[in-house]
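Engineer: I am sharing data-v5.cif, which consists of mmCIF, C-alpha atoms:
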```
data_final
loop_
_atom_site.group_PDB
_atom_site.id
_atom_site.type_symbol
_atom_site.label_atom_id
_atom_site.label_comp_id
_atom_site.auth_asym_id
_atom_site.auth_seq_id
_atom_site.Cartn_x
_atom_site.Cartn_y
_atom_site.Cartn_z
ATOM 1 C CA MET A 1 -47.950 -64.290 -57.104
ATOM 2 C CA PHE A 2 -49.045 -67.896 -56.895
ATOM 3 C CA LEU A 3 -48.825 -71.142 -58.807
ATOM 4 C CA ALA A 4 -51.703 -72.422 -60.921
ATOM 5 C CA ARG A 5 -52.458 -75.404 -63.116
ATOM 6 C CA ILE A 6 -53.793 -74.639 -66.589
ATOM 7 C CA ASP A 7 -56.949 -76.666 -67.095
ATOM 8 C CA GLY A 8 -58.990 -75.300 -69.959
ATOM 9 C CA THR A 9 -59.966 -72.607 -72.382
ATOM 10 C CA VAL A 10 -62.735 -70.045 -72.638
ATOM 11 C CA VAL A 11 -64.459 -68.640 -75.709
ATOM 12 C CA PRO A 12 -65.906 -65.197 -75.011
ATOM 13 C CA ALA A 13 -69.194 -63.947 -76.441
ATOM 14 C CA ALA A 14 -68.217 -60.363 -75.601
ATOM 15 C CA LYS A 15 -65.275 -58.811 -73.824
ATOM 16 C CA HIS A 16 -63.787 -55.491 -72.831
ATOM 17 C CA ALA A 17 -62.364 -53.713 -75.890
ATOM 18 C CA THR A 18 -58.783 -53.829 -74.575
ATOM 19 C CA LEU A 19 -58.874 -57.629 -74.293
ATOM 20 C CA GLY A 20 -59.276 -58.184 -78.029
ATOM 21 C CA GLY A 21 -56.914 -60.880 -79.257
ATOM 22 C CA CYS A 22 -55.648 -61.809 -75.824
ATOM 23 C CA ARG A 23 -55.350 -65.467 -74.868
ATOM 24 C CA LEU A 24 -57.399 -66.403 -71.818
ATOM 25 C CA LEU A 25 -56.949 -69.698 -69.996
ATOM 26 C CA VAL A 26 -58.900 -71.413 -67.248
ATOM 27 C CA ALA A 27 -56.642 -72.300 -64.326
ATOM 28 C CA GLN A 28 -56.849 -73.512 -60.754
ATOM 29 C CA ARG A 29 -54.669 -72.209 -57.967
ATOM 30 C CA LEU A 30 -52.158 -74.699 -56.526
ATOM 31 C CA GLU A 31 -51.705 -74.996 -52.777
ATOM 32 C CA ALA A 32 -48.380 -75.938 -51.159
ATOM 33 C CA ASP A 33 -49.479 -79.565 -50.752
ATOM 34 C CA GLY A 34 -50.467 -79.856 -54.408
ATOM 35 C CA ARG A 35 -54.208 -79.489 -53.890
ATOM 36 C CA LEU A 36 -56.160 -77.400 -56.389
ATOM 37 C CA GLY A 37 -58.229 -74.355 -55.462
ATOM 38 C CA ALA A 38 -62.025 -74.672 -55.544
ATOM 39 C CA GLU A 39 -62.673 -71.813 -57.957
ATOM 40 C CA PRO A 40 -61.549 -71.604 -61.579
ATOM 41 C CA LEU A 41 -59.572 -68.503 -62.575
ATOM 42 C CA LEU A 42 -59.301 -66.804 -65.952
ATOM 43 C CA ILE A 43 -55.712 -65.838 -66.654
ATOM 44 C CA VAL A 44 -54.227 -63.792 -69.480
ATOM 45 C CA ASP A 45 -51.384 -65.613 -71.204
ATOM 46 C CA TRP A 46 -48.928 -64.484 -73.850
ATOM 47 C CA MET A 47 -46.180 -66.960 -72.972
ATOM 48 C CA GLY A 48 -47.950 -69.916 -74.558
ATOM 49 C CA ALA A 49 -48.711 -72.053 -71.527
ATOM 50 C CA ALA A 50 -49.973 -75.508 -72.503
ATOM 51 C CA GLN A 51 -52.921 -77.471 -71.139
ATOM 52 C CA GLY A 52 -51.874 -79.064 -67.843
ATOM 53 C CA ALA A 53 -48.861 -76.776 -67.362
ATOM 54 C CA THR A 54 -48.015 -75.261 -64.001
ATOM 55 C CA VAL A 55 -47.572 -71.512 -64.279
ATOM 56 C CA LEU A 56 -46.604 -68.596 -62.058
ATOM 57 C CA VAL A 57 -49.469 -66.114 -61.972
ATOM 58 C CA SER A 58 -48.915 -62.457 -61.117
ATOM 59 C CA THR A 59 -51.952 -60.561 -59.841
ATOM 60 C CA ASP A 60 -50.317 -57.191 -60.426
ATOM 61 C CA GLY A 61 -52.264 -55.515 -63.215
ATOM 62 C CA ASP A 62 -49.400 -53.178 -64.221
ATOM 63 C CA ILE A 63 -47.828 -55.720 -66.563
ATOM 64 C CA ALA A 64 -51.178 -56.203 -68.366
ATOM 65 C CA ARG A 65 -51.804 -52.465 -68.368
ATOM 66 C CA GLU A 66 -48.504 -51.894 -70.131
ATOM 67 C CA ARG A 67 -49.516 -54.355 -72.833
ATOM 68 C CA TYR A 68 -53.227 -53.710 -73.260
ATOM 69 C CA GLY A 69 -53.437 -50.020 -72.367
ATOM 70 C CA LYS A 70 -54.172 -47.992 -69.272
ATOM 71 C CA THR A 71 -57.908 -48.746 -69.378
ATOM 72 C CA SER A 72 -57.543 -52.541 -69.404
ATOM 73 C CA PRO A 73 -59.191 -54.481 -66.565
ATOM 74 C CA ALA A 74 -56.824 -57.444 -67.087
ATOM 75 C CA ARG A 75 -55.137 -58.418 -63.847
ATOM 76 C CA MET A 76 -54.014 -62.033 -63.555
ATOM 77 C CA VAL A 77 -51.195 -62.741 -65.972
ATOM 78 C CA VAL A 78 -48.977 -65.752 -66.634
ATOM 79 C CA ALA A 79 -45.568 -64.443 -65.534
ATOM 80 C CA GLY A 80 -43.709 -67.690 -66.193
ATOM 81 C CA ILE A 81 -44.094 -71.370 -66.955
ATOM 82 C CA VAL A 82 -42.872 -73.513 -64.076
ATOM 83 C CA ASP A 83 -40.123 -75.987 -64.838
ATOM 84 C CA SER A 84 -40.051 -77.633 -61.412
ATOM 85 C CA VAL A 85 -41.188 -76.989 -57.862
ATOM 86 C CA HIS A 86 -39.332 -78.420 -54.880
ATOM 87 C CA VAL A 87 -41.230 -78.391 -51.592
ATOM 88 C CA PRO A 88 -39.258 -80.637 -49.176
ATOM 89 C CA GLN A 89 -41.897 -80.837 -46.408
ATOM 90 C CA ALA A 90 -44.671 -81.984 -48.746
ATOM 91 C CA ALA A 91 -44.970 -85.768 -48.886
ATOM 92 C CA GLY A 92 -43.145 -86.935 -51.984
ATOM 93 C CA GLY A 93 -42.562 -83.393 -53.241
ATOM 94 C CA ARG A 94 -44.226 -82.237 -56.391
ATOM 95 C CA GLY A 95 -42.725 -81.660 -59.791
ATOM 96 C CA ALA A 96 -44.248 -79.486 -62.465
ATOM 97 C CA MET B 1 -60.551 -62.903 -63.270
ATOM 98 C CA ARG B 2 -63.044 -65.235 -61.646
ATOM 99 C CA LEU B 3 -66.121 -66.747 -63.269
ATOM 100 C CA GLY B 4 -69.625 -65.929 -62.106
ATOM 101 C CA ILE B 5 -73.267 -66.261 -63.080
ATOM 102 C CA VAL B 6 -75.478 -63.175 -63.370
ATOM 103 C CA ARG B 7 -78.283 -63.592 -60.846
ATOM 104 C CA GLY B 8 -79.884 -60.154 -61.181
ATOM 105 C CA HIS B 9 -79.404 -56.438 -61.424
ATOM 106 C CA VAL B 10 -79.018 -53.772 -58.761
ATOM 107 C CA THR B 11 -80.354 -50.231 -58.989
ATOM 108 C CA LEU B 12 -79.336 -47.439 -56.625
ATOM 109 C CA CYS B 13 -81.383 -44.441 -55.578
ATOM 110 C CA PRO B 14 -79.663 -42.296 -54.574
ATOM 111 C CA ALA B 15 -76.112 -43.154 -55.648
ATOM 112 C CA ILE B 16 -72.807 -41.307 -55.463
ATOM 113 C CA ALA B 17 -71.998 -39.351 -58.659
ATOM 114 C CA GLU B 18 -69.293 -41.823 -59.786
ATOM 115 C CA LEU B 19 -71.792 -44.693 -59.893
ATOM 116 C CA ALA B 20 -74.689 -42.792 -61.446
ATOM 117 C CA GLY B 21 -75.804 -44.403 -64.697
ATOM 118 C CA LYS B 22 -73.676 -47.519 -64.292
ATOM 119 C CA THR B 23 -75.263 -50.944 -64.606
ATOM 120 C CA LEU B 24 -74.718 -53.099 -61.555
ATOM 121 C CA VAL B 25 -75.128 -56.864 -61.670
ATOM 122 C CA MET B 26 -75.472 -59.352 -58.863
ATOM 123 C CA LEU B 27 -72.971 -62.168 -59.451
ATOM 124 C CA GLU B 28 -72.581 -65.603 -57.938
ATOM 125 C CA PRO B 29 -69.038 -66.954 -58.413
ATOM 126 C CA VAL B 30 -68.793 -70.465 -59.873
ATOM 127 C CA THR B 31 -66.746 -73.254 -58.317
ATOM 128 C CA MET B 32 -64.811 -75.738 -60.455
ATOM 129 C CA ALA B 33 -67.128 -78.568 -59.346
ATOM 130 C CA ASN B 34 -70.242 -76.697 -60.492
ATOM 131 C CA LEU B 35 -68.571 -75.511 -63.700
ATOM 132 C CA GLU B 36 -67.649 -79.067 -64.694
ATOM 133 C CA ALA B 37 -71.056 -80.436 -63.643
ATOM 134 C CA ARG B 38 -72.722 -77.843 -65.946
ATOM 135 C CA ASN B 39 -75.535 -77.617 -63.398
ATOM 136 C CA GLY B 40 -76.052 -73.853 -63.609
ATOM 137 C CA LEU B 41 -75.138 -73.452 -59.953
ATOM 138 C CA GLY B 42 -72.559 -71.019 -58.597
ATOM 139 C CA GLY B 43 -71.449 -71.854 -55.093
ATOM 140 C CA GLY B 44 -69.379 -68.760 -54.278
ATOM 141 C CA LYS B 45 -70.160 -65.714 -52.175
ATOM 142 C CA ALA B 46 -72.337 -63.248 -54.088
ATOM 143 C CA LEU B 47 -70.950 -59.872 -55.107
ATOM 144 C CA VAL B 48 -71.937 -56.840 -57.159
ATOM 145 C CA ALA B 49 -69.977 -55.780 -60.254
ATOM 146 C CA VAL B 50 -70.228 -52.976 -62.804
ATOM 147 C CA ASP B 51 -71.377 -54.240 -66.204
ATOM 148 C CA GLU B 52 -70.762 -52.341 -69.454
ATOM 149 C CA LEU B 53 -71.247 -55.328 -71.769
ATOM 150 C CA GLY B 54 -74.931 -55.915 -71.069
ATOM 151 C CA ALA B 55 -74.907 -59.398 -69.576
ATOM 152 C CA ALA B 56 -78.300 -61.037 -69.129
ATOM 153 C CA LYS B 57 -79.599 -62.929 -66.133
ATOM 154 C CA GLY B 58 -78.272 -66.490 -66.102
ATOM 155 C CA GLN B 59 -75.262 -65.783 -68.318
ATOM 156 C CA MET B 60 -71.789 -66.820 -67.248
ATOM 157 C CA VAL B 61 -69.306 -63.949 -67.097
ATOM 158 C CA ALA B 62 -65.769 -63.235 -65.927
ATOM 159 C CA PHE B 63 -65.054 -60.360 -63.595
ATOM 160 C CA THR B 64 -61.929 -58.510 -62.493
ATOM 161 C CA GLU B 65 -61.507 -57.662 -58.822
ATOM 162 C CA GLY B 66 -59.338 -55.158 -57.019
ATOM 163 C CA ALA B 67 -57.806 -51.860 -58.116
ATOM 164 C CA GLU B 68 -57.673 -53.031 -61.751
ATOM 165 C CA ALA B 69 -61.484 -53.062 -61.827
ATOM 166 C CA ALA B 70 -61.387 -49.255 -61.949
ATOM 167 C CA ASN B 71 -58.902 -49.159 -64.855
ATOM 168 C CA PRO B 72 -61.596 -48.812 -67.571
ATOM 169 C CA TYR B 73 -62.524 -45.449 -66.040
ATOM 170 C CA TRP B 74 -58.971 -44.134 -66.029
ATOM 171 C CA PRO B 75 -58.076 -41.258 -65.530
ATOM 172 C CA ASN B 76 -61.275 -40.788 -63.524
ATOM 173 C CA ARG B 77 -61.181 -42.145 -60.018
ATOM 174 C CA VAL B 78 -64.191 -44.345 -59.303
ATOM 175 C CA PRO B 79 -64.918 -46.565 -56.290
ATOM 176 C CA VAL B 80 -65.361 -49.719 -58.408
ATOM 177 C CA ASP B 81 -63.655 -52.926 -57.239
ATOM 178 C CA ALA B 82 -65.430 -55.498 -59.386
ATOM 179 C CA TYR B 83 -65.792 -55.094 -63.155
ATOM 180 C CA LEU B 84 -67.486 -57.452 -65.584
ATOM 181 C CA SER B 85 -64.834 -57.742 -68.289
ATOM 182 C CA LEU B 86 -66.081 -60.680 -70.353
ATOM 183 C CA ILE B 87 -69.238 -62.610 -71.198
ATOM 184 C CA VAL B 88 -68.584 -66.317 -71.623
ATOM 185 C CA ASP B 89 -69.735 -68.189 -74.720
ATOM 186 C CA THR B 90 -68.184 -71.557 -73.837
ATOM 187 C CA VAL B 91 -65.742 -72.831 -71.213
ATOM 188 C CA ARG B 92 -64.062 -76.194 -71.473
ATOM 189 C CA THR B 93 -61.802 -77.803 -68.910
ATOM 190 C CA SER B 94 -59.727 -80.914 -69.493
ATOM 191 C CA ARG B 95 -62.270 -83.017 -67.575
ATOM 192 C CA MET B 96 -65.175 -81.703 -69.683
ATOM 193 C CA LYS B 97 -63.224 -82.524 -72.854
ATOM 194 C CA PHE B 98 -62.520 -85.999 -71.520
ATOM 195 C CA GLU B 99 -66.207 -86.590 -70.735
ATOM 196 C CA GLU B 100 -67.158 -85.396 -74.221
ATOM 197 C CA GLU B 101 -64.701 -87.883 -75.735
ATOM 198 C CA VAL B 102 -66.117 -90.703 -73.619
ATOM 199 C CA ALA B 103 -69.677 -89.794 -74.603
ATOM 200 C CA LYS B 104 -68.860 -90.065 -78.318
#
```
For this file, produce the structure as structure tokens.
Structural biologist:
Amino acid sequence: MFLARIDGTVVPAAKHATLGGCRLLVAQRLEADGRLGAEPLLIVDWMGAAQGATVLVSTDGDIARERYGKTSPARMVVAGIVDSVHVPQAAGGRGA
Amino acid sequence: MRLGIVRGHVTLCPAIAELAGKTLVMLEPVTMANLEARNGLGGGKALVAVDELGAAKGQMVAFTEGAEAANPYWPNRVPVDAYLSLIVDTVRTSRMKFEEEVAK
């Protein structure tokens, strides 16, 4: 699991049949010092994460498999929306 | 899922039975900087994924990595660890939206 910042949306032209109707968001992984990862990630969300929100991402596909069927390739899922993060050693700390 | 650009196709001869008949695409993952610059560049380390959607060269796609990439073939066991699960029509990040607003 890791933290990510929601930063956009994607409109698919075609997708795997099991992903029909699922909400996909563009996110960037958050490092401990608050830096953002270099590569954008596409994350399945059914919790309603807003633009700019910090979320907890689970990379265990079982939760998506339960929801979208055994043949679903979905893997990264929003497991929770972060209320606050407290990292004492980081300069200034970082809230959600 | 990560985002990538289709750079080409791969054909195998011979191939193991589980991969026979599957379309393989060469993908170049896209970094956030290149995505927001809309420059058509990737920037990541190239990889090969199985494609069942028929993505064309130059198209942006999203691919699943890891054990979940073999889920579409369940209950068959296949040695696939990258699966093209979506073809992108449009992607918009907050910065791209901001730049569009400024341009108006």
Engineer: Could you list, as a list in words, every residue of chain A that has an atom within 8 Å of an atom of chain B, counting all atoms listed in the file?
Structural biologist: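 Result: Asp7, Gly8, Thr9, Val10, Val11, Pro12, Ala13, Ala14, Lys15, His16, Val26, Ala38, Glu39, Pro40, Leu41, Leu42, Ile43, Gln51, Gly61, Lys70, Thr71, Ser72, Pro73, Ala74, Arg75 and Met76 of chain A.
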Engineer: Any idea what's packed within 10 Å of Ala4 of chain A, counting all atoms listed in the file, ignoring anything in its chain fewer than 2 positions away? Could you give it as a short mmCIF file (atom, residue, chain, number, x, y, z; two decimals) with C-alpha atoms, keeping the file's coordinate frame?
Structural biologist:
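Dumped to result09.cif:
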```
data_model
loop_
_atom_site.label_atom_id
_atom_site.label_comp_id
_atom_site.auth_asym_id
_atom_site.auth_seq_id
_atom_site.Cartn_x
_atom_site.Cartn_y
_atom_site.Cartn_z
CA MET A 1 -47.95 -64.29 -57.10
CA PHE A 2 -49.04 -67.90 -56.90
CA ILE A 6 -53.79 -74.64 -66.59
CA ASP A 7 -56.95 -76.67 -67.10
CA VAL A 26 -58.90 -71.41 -67.25
CA ALA A 27 -56.64 -72.30 -64.33
CA GLN A 28 -56.85 -73.51 -60.75
CA ARG A 29 -54.67 -72.21 -57.97
CA LEU A 30 -52.16 -74.70 -56.53
CA GLU A 31 -51.70 -75.00 -52.78
CA GLY A 34 -50.47 -79.86 -54.41
CA LEU A 36 -56.16 -77.40 -56.39
CA GLY A 37 -58.23 -74.36 -55.46
CA PRO A 40 -61.55 -71.60 -61.58
CA LEU A 41 -59.57 -68.50 -62.58
CA ILE A 43 -55.71 -65.84 -66.65
CA GLY A 52 -51.87 -79.06 -67.84
CA ALA A 53 -48.86 -76.78 -67.36
CA THR A 54 -48.02 -75.26 -64.00
CA VAL A 55 -47.57 -71.51 -64.28
CA LEU A 56 -46.60 -68.60 -62.06
CA VAL A 57 -49.47 -66.11 -61.97
CA VAL A 78 -48.98 -65.75 -66.63
CA ILE A 81 -44.09 -71.37 -66.96
CA VAL A 82 -42.87 -73.51 -64.08
#
```
Engineer: Could you pull out every residue with an atom within 6 Å of (-78.7, -64.0, -63.3), file coordinates, counting only C-alpha atoms, and send them as a ChimeraX atom specification?
Structural biologist: /B:5-8,57-58
Engineer: Taking all atoms of segment 81-96 of chain B that the file lists, what box with edges along x, y and z, padded by 5 Å per side, do you get, with centre and edge lengths in Å to one decimal, as JSON?
Structural biologist:
```
{"center_x": -64.7, "center_y": -68.0, "center_z": -66.0, "size_x": 20.0, "size_y": 40.1, "size_z": 27.5}
```
Engineer: If I take atom CA of Ala15 of chain B and atom CA of Asn76 of chain B, how far is one from the other in Å, to one decimal?
Structural biologist: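 Going from atom CA of Ala15 of chain B over to atom CA of Asn76 of chain B covers 17.0 Å.
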Engineer: Tell me, in Å to one decimal, how far atom CA of Gly21 of chain B is from atom CA of Asp62 of chain A.
Structural biologist: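 Straight-line distance from atom CA of Gly21 of chain B to atom CA of Asp62 of chain A works out to 27.8 Å.
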Engineer: Separation of atom CA of Ala103 of chain B and atom CA of Leu24 of chain A, in Å?
Structural biologist: 26.6 Å
Engineer: Can you list, as a PyMOL selection string, every protein, DNA or RNA residue that comes within 7 Å of Leu47 of chain B when you count all atoms listed in the file, leaving out same-chain residues fewer than 3 positions away?
Structural biologist: chain B and resi 26-28
Engineer: Translate the PyMOL selection byres ((chain B and resi 24) around 7), as applied to the file shown, into an explicit residue set as a list in words.
Structural biologist: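 So the PyMOL selection byres ((chain B and resi 24) around 7), applied here, picks out His9, Val10, Thr11, Lys22, Thr23, Val25, Met26, Val48, Ala49, Val50 and Asp51 of chain B.
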Engineer: Suppose we keep C-alpha atoms; can you now write the selection as a PDB file, in the coordinates of the input?
Structural biologist:
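This is the output file selection-v3.pdb:
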```
ATOM      1  CA  HIS B   9     -79.404 -56.438 -61.424  1.00  0.00           C
ATOM      2  CA  VAL B  10     -79.018 -53.772 -58.761  1.00  0.00           C
ATOM      3  CA  THR B  11     -80.354 -50.231 -58.989  1.00  0.00           C
ATOM      4  CA  LYS B  22     -73.676 -47.519 -64.292  1.00  0.00           C
ATOM      5  CA  THR B  23     -75.263 -50.944 -64.606  1.00  0.00           C
ATOM      6  CA  VAL B  25     -75.128 -56.864 -61.670  1.00  0.00           C
ATOM      7  CA  MET B  26     -75.472 -59.352 -58.863  1.00  0.00           C
ATOM      8  CA  VAL B  48     -71.937 -56.840 -57.159  1.00  0.00           C
ATOM      9  CA  ALA B  49     -69.977 -55.780 -60.254  1.00  0.00           C
ATOM     10  CA  VAL B  50     -70.228 -52.976 -62.804  1.00  0.00           C
ATOM     11  CA  ASP B  51     -71.377 -54.240 -66.204  1.00  0.00           C
TER      12      ASP B  51
END
```
Engineer: Give the answer as one residue: which of A:Arg65, A:His86, A:Arg5, A:Arg23 has the shortest atom-to-atom distance to Asp45 of chain A, using all atoms listed in the file?
Structural biologist: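 The closest residue to Asp45 of chain A is A:Arg23.
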Engineer: Supply segment 57-82 of chain A as a PDB file, in the frame of the given file, with N, CA and C atoms built in where the input has gaps.
Structural biologist:
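The result, written out as part_34.pdb:
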```pdb
ATOM      1  N   VAL A  57     -48.501 -67.163 -61.650  1.00  0.00           N
ATOM      2  CA  VAL A  57     -49.469 -66.114 -61.972  1.00  0.00           C
ATOM      3  C   VAL A  57     -49.168 -64.872 -61.146  1.00  0.00           C
ATOM      4  N   SER A  58     -49.078 -63.733 -61.819  1.00  0.00           N
ATOM      5  CA  SER A  58     -48.915 -62.457 -61.117  1.00  0.00           C
ATOM      6  C   SER A  58     -50.270 -61.771 -61.096  1.00  0.00           C
ATOM      7  N   THR A  59     -50.665 -61.263 -59.927  1.00  0.00           N
ATOM      8  CA  THR A  59     -51.952 -60.561 -59.841  1.00  0.00           C
ATOM      9  C   THR A  59     -51.755 -59.046 -59.904  1.00  0.00           C
ATOM     10  N   ASP A  60     -50.562 -58.624 -60.280  1.00  0.00           N
ATOM     11  CA  ASP A  60     -50.317 -57.191 -60.426  1.00  0.00           C
ATOM     12  C   ASP A  60     -50.730 -56.777 -61.832  1.00  0.00           C
ATOM     13  N   GLY A  61     -51.720 -55.896 -61.922  1.00  0.00           N
ATOM     14  CA  GLY A  61     -52.264 -55.515 -63.215  1.00  0.00           C
ATOM     15  C   GLY A  61     -51.353 -54.641 -64.064  1.00  0.00           C
ATOM     16  N   ASP A  62     -50.252 -54.115 -63.480  1.00  0.00           N
ATOM     17  CA  ASP A  62     -49.400 -53.178 -64.221  1.00  0.00           C
ATOM     18  C   ASP A  62     -48.812 -53.782 -65.489  1.00  0.00           C
ATOM     19  N   ILE A  63     -48.447 -55.052 -65.409  1.00  0.00           N
ATOM     20  CA  ILE A  63     -47.828 -55.720 -66.563  1.00  0.00           C
ATOM     21  C   ILE A  63     -48.850 -55.842 -67.708  1.00  0.00           C
ATOM     22  N   ALA A  64     -50.120 -56.115 -67.354  1.00  0.00           N
ATOM     23  CA  ALA A  64     -51.178 -56.203 -68.366  1.00  0.00           C
ATOM     24  C   ALA A  64     -51.540 -54.818 -68.887  1.00  0.00           C
ATOM     25  N   ARG A  65     -51.482 -53.844 -68.002  1.00  0.00           N
ATOM     26  CA  ARG A  65     -51.804 -52.465 -68.368  1.00  0.00           C
ATOM     27  C   ARG A  65     -50.810 -51.928 -69.400  1.00  0.00           C
ATOM     28  N   GLU A  66     -49.544 -52.318 -69.210  1.00  0.00           N
ATOM     29  CA  GLU A  66     -48.504 -51.894 -70.131  1.00  0.00           C
ATOM     30  C   GLU A  66     -48.772 -52.439 -71.528  1.00  0.00           C
ATOM     31  N   ARG A  67     -49.311 -53.660 -71.562  1.00  0.00           N
ATOM     32  CA  ARG A  67     -49.516 -54.355 -72.833  1.00  0.00           C
ATOM     33  C   ARG A  67     -50.843 -54.006 -73.489  1.00  0.00           C
ATOM     34  N   TYR A  68     -51.892 -53.901 -72.690  1.00  0.00           N
ATOM     35  CA  TYR A  68     -53.227 -53.710 -73.260  1.00  0.00           C
ATOM     36  C   TYR A  68     -53.782 -52.295 -73.096  1.00  0.00           C
ATOM     37  N   GLY A  69     -52.987 -51.407 -72.520  1.00  0.00           N
ATOM     38  CA  GLY A  69     -53.437 -50.020 -72.367  1.00  0.00           C
ATOM     39  C   GLY A  69     -53.886 -49.725 -70.951  1.00  0.00           C
ATOM     40  N   LYS A  70     -53.883 -48.433 -70.639  1.00  0.00           N
ATOM     41  CA  LYS A  70     -54.172 -47.992 -69.272  1.00  0.00           C
ATOM     42  C   LYS A  70     -55.598 -48.297 -68.824  1.00  0.00           C
ATOM     43  N   THR A  71     -56.514 -48.513 -69.764  1.00  0.00           N
ATOM     44  CA  THR A  71     -57.908 -48.746 -69.378  1.00  0.00           C
ATOM     45  C   THR A  71     -58.266 -50.231 -69.337  1.00  0.00           C
ATOM     46  N   SER A  72     -57.253 -51.094 -69.380  1.00  0.00           N
ATOM     47  CA  SER A  72     -57.543 -52.541 -69.404  1.00  0.00           C
ATOM     48  C   SER A  72     -57.820 -53.091 -68.001  1.00  0.00           C
ATOM     49  N   PRO A  73     -58.905 -53.874 -67.859  1.00  0.00           N
ATOM     50  CA  PRO A  73     -59.191 -54.481 -66.565  1.00  0.00           C
ATOM     51  C   PRO A  73     -58.435 -55.787 -66.333  1.00  0.00           C
ATOM     52  N   ALA A  74     -57.564 -56.187 -67.263  1.00  0.00           N
ATOM     53  CA  ALA A  74     -56.824 -57.444 -67.087  1.00  0.00           C
ATOM     54  C   ALA A  74     -55.956 -57.355 -65.839  1.00  0.00           C
ATOM     55  N   ARG A  75     -55.912 -58.442 -65.090  1.00  0.00           N
ATOM     56  CA  ARG A  75     -55.137 -58.418 -63.847  1.00  0.00           C
ATOM     57  C   ARG A  75     -54.228 -59.642 -63.706  1.00  0.00           C
ATOM     58  N   MET A  76     -54.825 -60.831 -63.743  1.00  0.00           N
ATOM     59  CA  MET A  76     -54.014 -62.033 -63.555  1.00  0.00           C
ATOM     60  C   MET A  76     -53.319 -62.398 -64.856  1.00  0.00           C
ATOM     61  N   VAL A  77     -51.995 -62.516 -64.778  1.00  0.00           N
ATOM     62  CA  VAL A  77     -51.195 -62.741 -65.972  1.00  0.00           C
ATOM     63  C   VAL A  77     -50.215 -63.884 -65.717  1.00  0.00           C
ATOM     64  N   VAL A  78     -50.004 -64.713 -66.743  1.00  0.00           N
ATOM     65  CA  VAL A  78     -48.977 -65.752 -66.634  1.00  0.00           C
ATOM     66  C   VAL A  78     -47.620 -65.055 -66.709  1.00  0.00           C
ATOM     67  N   ALA A  79     -46.872 -65.102 -65.594  1.00  0.00           N
ATOM     68  CA  ALA A  79     -45.568 -64.443 -65.534  1.00  0.00           C
ATOM     69  C   ALA A  79     -44.445 -65.402 -65.863  1.00  0.00           C
ATOM     70  N   GLY A  80     -44.732 -66.710 -65.868  1.00  0.00           N
ATOM     71  CA  GLY A  80     -43.709 -67.690 -66.193  1.00  0.00           C
ATOM     72  C   GLY A  80     -44.294 -69.086 -66.195  1.00  0.00           C
ATOM     73  N   ILE A  81     -43.654 -69.976 -66.938  1.00  0.00           N
ATOM     74  CA  ILE A  81     -44.094 -71.370 -66.955  1.00  0.00           C
ATOM     75  C   ILE A  81     -43.134 -72.145 -66.063  1.00  0.00           C
ATOM     76  N   VAL A  82     -43.687 -72.858 -65.096  1.00  0.00           N
ATOM     77  CA  VAL A  82     -42.872 -73.513 -64.076  1.00  0.00           C
ATOM     78  C   VAL A  82     -42.191 -74.757 -64.642  1.00  0.00           C
TER      79      VAL A  82
END
```
